[in-house]
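Asker: You'll find start.csv just under this line, and it carries CSV, C-alpha atoms.
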```csv
chain,number,residue,atom,x,y,z
Q,1,GLN,CA,-6.1,-21.9,113.1
Q,2,LYS,CA,-9.4,-23.3,111.9
Q,3,GLU,CA,-10.6,-26.1,114.2
Q,4,VAL,CA,-13.4,-28.6,114.4
Q,5,GLU,CA,-14.1,-30.0,117.9
Q,6,GLN,CA,-15.8,-33.2,118.9
Q,7,ASN,CA,-16.2,-35.1,122.1
Q,8,SER,CA,-14.0,-38.2,121.8
Q,9,GLY,CA,-16.5,-40.4,123.7
Q,10,PRO,CA,-17.2,-43.2,123.9
Q,11,LEU,CA,-20.9,-42.3,123.8
Q,12,SER,CA,-22.8,-45.4,125.0
Q,13,VAL,CA,-26.5,-45.7,124.2
Q,14,PRO,CA,-28.9,-48.7,124.4
Q,15,GLU,CA,-30.3,-50.2,121.3
Q,16,GLY,CA,-33.4,-48.3,120.1
Q,17,ALA,CA,-32.4,-45.0,121.7
Q,18,ILE,CA,-31.5,-41.8,120.1
Q,19,ALA,CA,-27.7,-41.1,119.8
Q,20,SER,CA,-26.8,-37.4,119.7
Q,21,LEU,CA,-23.4,-36.5,118.3
Q,22,ASN,CA,-22.1,-32.9,118.5
Q,23,CYS,CA,-19.5,-30.8,116.7
Q,24,THR,CA,-18.4,-27.2,116.9
Q,25,TYR,CA,-16.2,-25.3,114.5
Q,26,SER,CA,-14.2,-22.1,114.6
Q,27,ASP,CA,-14.4,-20.7,111.0
Q,28,ARG,CA,-17.5,-18.5,110.9
Q,29,GLY,CA,-17.3,-18.4,107.1
Q,30,SER,CA,-17.8,-22.2,106.8
Q,31,GLN,CA,-20.5,-23.1,104.3
Q,32,SER,CA,-20.6,-26.9,104.0
Q,33,PHE,CA,-20.7,-29.6,106.7
Q,34,PHE,CA,-20.4,-33.3,106.6
Q,35,TRP,CA,-20.7,-36.4,108.8
Q,36,TYR,CA,-18.7,-39.5,108.1
Q,37,ARG,CA,-19.0,-42.9,109.7
Q,38,GLN,CA,-15.8,-45.0,110.2
Q,39,TYR,CA,-15.9,-48.6,111.3
Q,40,SER,CA,-12.8,-49.9,113.1
Q,41,GLY,CA,-10.1,-50.6,110.5
Q,42,LYS,CA,-12.1,-49.2,107.6
Q,43,SER,CA,-12.1,-45.9,105.7
Q,44,PRO,CA,-14.6,-43.1,106.4
Q,45,GLU,CA,-18.0,-43.2,104.7
Q,46,LEU,CA,-20.0,-40.1,104.0
Q,47,ILE,CA,-23.4,-40.4,105.6
Q,48,MET,CA,-24.8,-36.8,105.7
Q,49,SER,CA,-24.1,-33.4,104.3
Q,50,ILE,CA,-25.8,-30.1,105.3
Q,51,TYR,CA,-25.4,-26.7,103.9
Q,52,SER,CA,-28.1,-24.4,105.4
Q,53,ASN,CA,-29.4,-23.8,108.9
Q,54,GLY,CA,-32.0,-26.2,110.2
Q,55,ASP,CA,-32.5,-29.9,110.0
Q,56,LYS,CA,-31.9,-32.4,107.2
Q,57,GLU,CA,-33.3,-35.9,107.6
Q,58,ASP,CA,-32.2,-39.1,105.8
Q,59,GLY,CA,-33.7,-42.3,107.1
Q,60,ARG,CA,-32.7,-42.7,110.7
Q,61,PHE,CA,-30.2,-39.9,110.5
Q,62,THR,CA,-30.9,-36.2,111.1
Q,63,ALA,CA,-28.2,-33.5,110.7
Q,64,GLN,CA,-28.8,-30.2,112.4
Q,65,LEU,CA,-26.9,-27.0,111.7
Q,66,ASN,CA,-26.8,-23.7,113.6
Q,67,LYS,CA,-24.3,-21.3,111.9
Q,68,ALA,CA,-24.9,-18.6,114.5
Q,69,SER,CA,-23.7,-20.9,117.2
Q,70,GLN,CA,-21.2,-22.6,114.9
Q,71,TYR,CA,-22.6,-25.9,115.9
Q,72,VAL,CA,-23.6,-29.0,113.9
Q,73,SER,CA,-25.0,-32.2,115.2
Q,74,LEU,CA,-26.0,-35.7,114.1
Q,75,LEU,CA,-29.0,-37.6,115.6
Q,76,ILE,CA,-29.3,-41.3,115.0
Q,77,ARG,CA,-32.8,-42.6,115.8
Q,78,ASP,CA,-33.6,-46.2,116.8
Q,79,SER,CA,-29.8,-46.9,117.3
Q,80,GLN,CA,-28.7,-50.3,116.3
Q,81,PRO,CA,-25.5,-52.2,117.3
Q,82,SER,CA,-24.4,-51.9,113.7
Q,83,ASP,CA,-24.3,-48.1,114.2
Q,84,SER,CA,-21.3,-48.6,116.6
Q,85,ALA,CA,-18.5,-46.7,114.9
Q,86,THR,CA,-16.5,-43.5,115.1
Q,87,TYR,CA,-18.4,-40.5,113.6
Q,88,LEU,CA,-16.3,-37.8,112.1
Q,89,CYS,CA,-17.5,-34.2,111.6
Q,90,ALA,CA,-16.0,-32.3,108.7
Q,91,VAL,CA,-16.3,-28.6,107.7
Q,92,LYS,CA,-15.4,-27.0,104.5
Q,93,GLY,CA,-13.7,-23.8,105.4
Q,94,SER,CA,-13.9,-20.4,103.8
Q,95,GLY,CA,-10.7,-21.0,101.9
Q,96,GLY,CA,-10.5,-22.6,98.4
Q,97,TYR,CA,-9.9,-25.9,96.9
Q,98,ASN,CA,-12.7,-27.8,98.7
Q,99,LYS,CA,-10.4,-28.6,101.6
Q,100,LEU,CA,-12.2,-30.2,104.6
Q,101,ILE,CA,-11.2,-29.8,108.2
Q,102,PHE,CA,-12.0,-32.9,110.2
Q,103,GLY,CA,-12.7,-33.4,113.9
Q,104,ALA,CA,-11.0,-36.2,115.7
Q,105,GLY,CA,-14.3,-38.1,115.9
Q,106,THR,CA,-16.7,-39.4,118.5
Q,107,ARG,CA,-16.8,-43.1,119.2
Q,108,LEU,CA,-20.4,-44.4,119.5
Q,109,ALA,CA,-21.2,-47.7,121.2
Q,110,VAL,CA,-24.7,-49.1,120.9
Q,111,HIS,CA,-25.3,-52.0,123.3
Q,112,PRO,CA,-28.1,-54.5,123.0
B,1,SER,CA,-20.7,-44.8,89.1
B,2,GLN,CA,-17.5,-43.6,90.6
B,3,THR,CA,-15.0,-46.0,92.2
B,4,ILE,CA,-11.7,-45.2,94.0
B,5,HIS,CA,-9.0,-47.8,94.3
B,6,GLN,CA,-5.9,-47.9,96.5
B,7,TRP,CA,-3.1,-50.4,96.8
B,8,PRO,CA,-1.5,-52.1,98.5
B,9,ALA,CA,-4.0,-52.7,101.3
B,10,THR,CA,-1.3,-53.3,103.9
B,11,LEU,CA,2.4,-52.7,103.9
B,12,VAL,CA,5.2,-53.3,106.3
B,13,GLN,CA,8.4,-51.5,105.5
B,14,PRO,CA,11.8,-51.0,107.3
B,15,VAL,CA,12.9,-47.5,108.4
B,16,GLY,CA,14.8,-45.8,105.6
B,17,SER,CA,13.2,-47.7,102.8
B,18,PRO,CA,11.3,-46.0,99.9
B,19,LEU,CA,7.5,-45.9,99.6
B,20,SER,CA,5.0,-45.7,96.8
B,21,LEU,CA,1.3,-45.8,97.3
B,22,GLU,CA,-1.1,-45.5,94.4
B,23,CYS,CA,-4.7,-44.3,94.1
B,24,THR,CA,-6.9,-44.3,91.0
B,25,VAL,CA,-10.4,-43.1,90.4
B,26,GLU,CA,-12.8,-44.4,87.9
B,27,GLY,CA,-16.0,-42.9,86.5
B,28,THR,CA,-15.2,-39.2,86.8
B,29,SER,CA,-13.0,-36.7,85.0
B,30,ASN,CA,-10.5,-34.1,86.5
B,31,PRO,CA,-11.5,-34.9,90.1
B,32,ASN,CA,-9.9,-33.0,93.1
B,33,LEU,CA,-7.8,-35.7,94.8
B,34,TYR,CA,-6.5,-35.8,98.3
B,35,TRP,CA,-4.1,-37.8,100.5
B,36,TYR,CA,-4.8,-38.1,104.2
B,37,ARG,CA,-3.0,-39.9,107.0
B,38,GLN,CA,-4.7,-41.2,110.1
B,39,ALA,CA,-2.4,-42.2,113.0
B,40,ALA,CA,-3.7,-44.8,115.4
B,41,GLY,CA,-6.6,-43.4,117.4
B,42,ARG,CA,-6.2,-40.0,115.8
B,43,GLY,CA,-8.1,-37.7,113.4
B,44,LEU,CA,-7.4,-37.3,109.7
B,45,GLN,CA,-4.4,-35.2,108.6
B,46,LEU,CA,-4.5,-33.7,105.1
B,47,LEU,CA,-1.1,-34.3,103.5
B,48,PHE,CA,-1.6,-33.3,99.8
B,49,TYR,CA,-4.3,-32.2,97.4
B,50,SER,CA,-4.4,-31.8,93.7
B,51,VAL,CA,-6.9,-30.0,91.4
B,52,GLY,CA,-5.3,-31.3,88.2
B,53,ILE,CA,-2.5,-33.1,86.5
B,54,GLY,CA,0.9,-32.0,87.8
B,55,GLN,CA,-0.8,-29.6,90.3
B,56,ILE,CA,0.1,-30.6,93.9
B,57,SER,CA,-0.3,-28.6,97.1
B,58,SER,CA,1.4,-29.7,100.3
B,59,GLU,CA,-0.3,-29.2,103.6
B,60,VAL,CA,2.3,-30.6,106.0
B,61,PRO,CA,6.1,-30.3,105.4
B,62,GLN,CA,7.6,-33.7,105.8
B,63,ASN,CA,9.5,-36.4,104.0
B,64,LEU,CA,6.6,-37.4,101.8
B,65,SER,CA,5.8,-36.2,98.3
B,66,ALA,CA,2.9,-36.6,95.9
B,67,SER,CA,2.5,-36.7,92.2
B,68,ARG,CA,-0.4,-36.8,89.7
B,69,PRO,CA,0.9,-38.1,86.4
B,70,GLN,CA,-2.5,-38.8,85.0
B,71,ASP,CA,-6.0,-37.2,85.5
B,72,ARG,CA,-7.3,-40.0,87.7
B,73,GLN,CA,-4.0,-41.2,89.3
B,74,PHE,CA,-2.5,-39.9,92.5
B,75,ILE,CA,0.7,-41.3,94.0
B,76,LEU,CA,2.2,-40.8,97.4
B,77,SER,CA,6.0,-41.4,97.8
B,78,SER,CA,8.9,-41.2,100.1
B,79,LYS,CA,12.6,-41.7,99.6
B,80,LYS,CA,13.3,-42.8,103.2
B,81,LEU,CA,10.5,-43.8,105.6
B,82,LEU,CA,10.6,-42.8,109.3
B,83,LEU,CA,8.9,-44.6,112.2
B,84,SER,CA,6.5,-41.7,112.4
B,85,ASP,CA,5.2,-42.4,108.9
B,86,SER,CA,3.3,-45.3,110.2
B,87,GLY,CA,-0.5,-44.9,109.8
B,88,PHE,CA,-3.5,-45.4,107.7
B,89,TYR,CA,-3.2,-43.6,104.4
B,90,LEU,CA,-6.4,-42.6,102.7
B,91,CYS,CA,-7.0,-41.2,99.2
B,92,ALA,CA,-10.2,-39.3,98.6
B,93,TRP,CA,-11.8,-37.5,95.6
B,94,GLY,CA,-14.3,-34.8,95.1
B,95,GLY,CA,-15.6,-31.8,97.1
B,96,GLU,CA,-17.4,-34.1,99.5
B,97,GLN,CA,-14.3,-36.4,99.8
B,98,PHE,CA,-15.3,-39.9,99.0
B,99,PHE,CA,-12.6,-42.2,100.4
B,100,GLY,CA,-10.8,-45.2,99.1
B,101,PRO,CA,-10.3,-48.3,101.1
B,102,GLY,CA,-6.9,-47.1,102.5
B,103,THR,CA,-3.4,-48.5,102.9
B,104,ARG,CA,-2.3,-49.5,106.4
B,105,LEU,CA,1.5,-48.8,106.6
B,106,THR,CA,3.7,-50.0,109.4
B,107,VAL,CA,7.3,-48.8,109.5
B,108,LEU,CA,9.6,-51.0,111.7
```
Just give me the structure as structure tokens.
Answerer:
Amino acid sequence: QKEVEQNSGPLSVPEGAIASLNCTYSDRGSQSFFWYRQYSGKSPELIMSIYSNGDKEDGRFTAQLNKASQYVSLLIRDSQPSDSATYLCAVKGSGGYNKLIFGAGTRLAVHP
Amino acid sequence: SQTIHQWPATLVQPVGSPLSLECTVEGTSNPNLYWYRQAAGRGLQLLFYSVGIGQISSEVPQNLSASRPQDRQFILSSKKLLLSDSGFYLCAWGGEQFFGPGTRLTVL
């Protein structure tokens, strides 16, 4: 069974620090990787997508992908209390129909 | 721009009652559409997906069904709700899965 694993947290970081969120996946044929942010009681919001090995930066967010290690991460620089949320990692598997497999999410708490 | 709508936002239903949740997408044609459920404190479970009108694939066998009567309309239904059907129901569209605001269902 294809799986996506995340540490459930909570990951607690002080305001201004770098938050590092990690995700591993089991399907070696996966080609597309996504990070979603979900505030409590709200629906997930896509914040980053990455398709090739290396780093992809967007503002304070950097996604990192290592297909050989089957590992994807999200770095949040200069963390703010408004970044406190659950972060979901999702992987498009090697099957069809654009189905994504989601991890259970890591809860991030940024304290002032 | 594309917009996805879901209604109702919240719903409280007794066990054994029927269910109909609706999702519509604006600003795009022939989108892939998805229904997910998120139980309290849990991850997202894919329930159904559709690549076109009348084309529904079920991921999890259960007492729920889905229909796509129009290109940008996706409906989730049940004839008789169970307690275990409680959760946050999310509709999404597209390969990157942009989510609607969700329906929070409580079955009592």
Asker: What gap, in Å, lies between CA of Ser49 (chain Q) and CA of Phe48 (chain B)?
Answerer: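 Separating CA of Ser49 (chain Q) from CA of Phe48 (chain B) is a distance of 22.9 Å.
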Asker: Please, what distance in Å, to one decimal, runs between CA of Ile18 (chain Q) and CA of Tyr36 (chain Q)?
Answerer: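 CA of Tyr36 (chain Q) lies 17.7 Å from CA of Ile18 (chain Q).
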Asker: For Tyr39 (chain Q), please output as a PyMOL selection string all residues within 8 Å (counting all atoms listed in the file; exclusion window: fewer than 2 positions along the same chain).
Answerer: chain Q and resi 37+41-44+84-86
Asker: Work out how far CA of Gly105 (chain Q) is from CA of Ile47 (chain Q), in Å to one decimal.
Answerer: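 Those two atoms sit 13.9 Å apart.
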Asker: Counting all atoms listed in the file, which residues of chain Q come no farther than 12 Å from chain B, as a PyMOL selection string?
Answerer: chain Q and resi 3-6+8+32-51+86-93+96-107
Asker: Please provide the set of residues having any atom within 9 Å of Leu105 (chain B), restricted to all atoms listed in the file, with same-chain residues fewer than 5 positions apart removed, written as a PyMOL selection string.
Answerer: chain B and resi 9-13+85-89
Asker: Closest to Arg77 (chain Q) among Q:Gly59, Q:Gly9, Q:Gly54, Q:Pro112, using all atoms listed in the file?
Answerer: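 Between Q:Gly59, Q:Gly9, Q:Gly54, Q:Pro112, the residue approaching Arg77 (chain Q) most closely is Q:Gly59.
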Asker: List the neighbours of Tyr71 (chain Q) out to 8 Å using only C-alpha atoms; skip same-chain residues closer than 6 positions along the sequence, and give me the result as a PyMOL selection string.
Answerer: chain Q and resi 22-25+65
Asker: Of the candidates Q:Val13, Q:Leu21, Q:Leu74, Q:Ala63, which shows the shortest atom-to-atom distance to His111 (chain Q), using all atoms listed in the file?
Answerer: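 Nearest to His111 (chain Q): Q:Val13.
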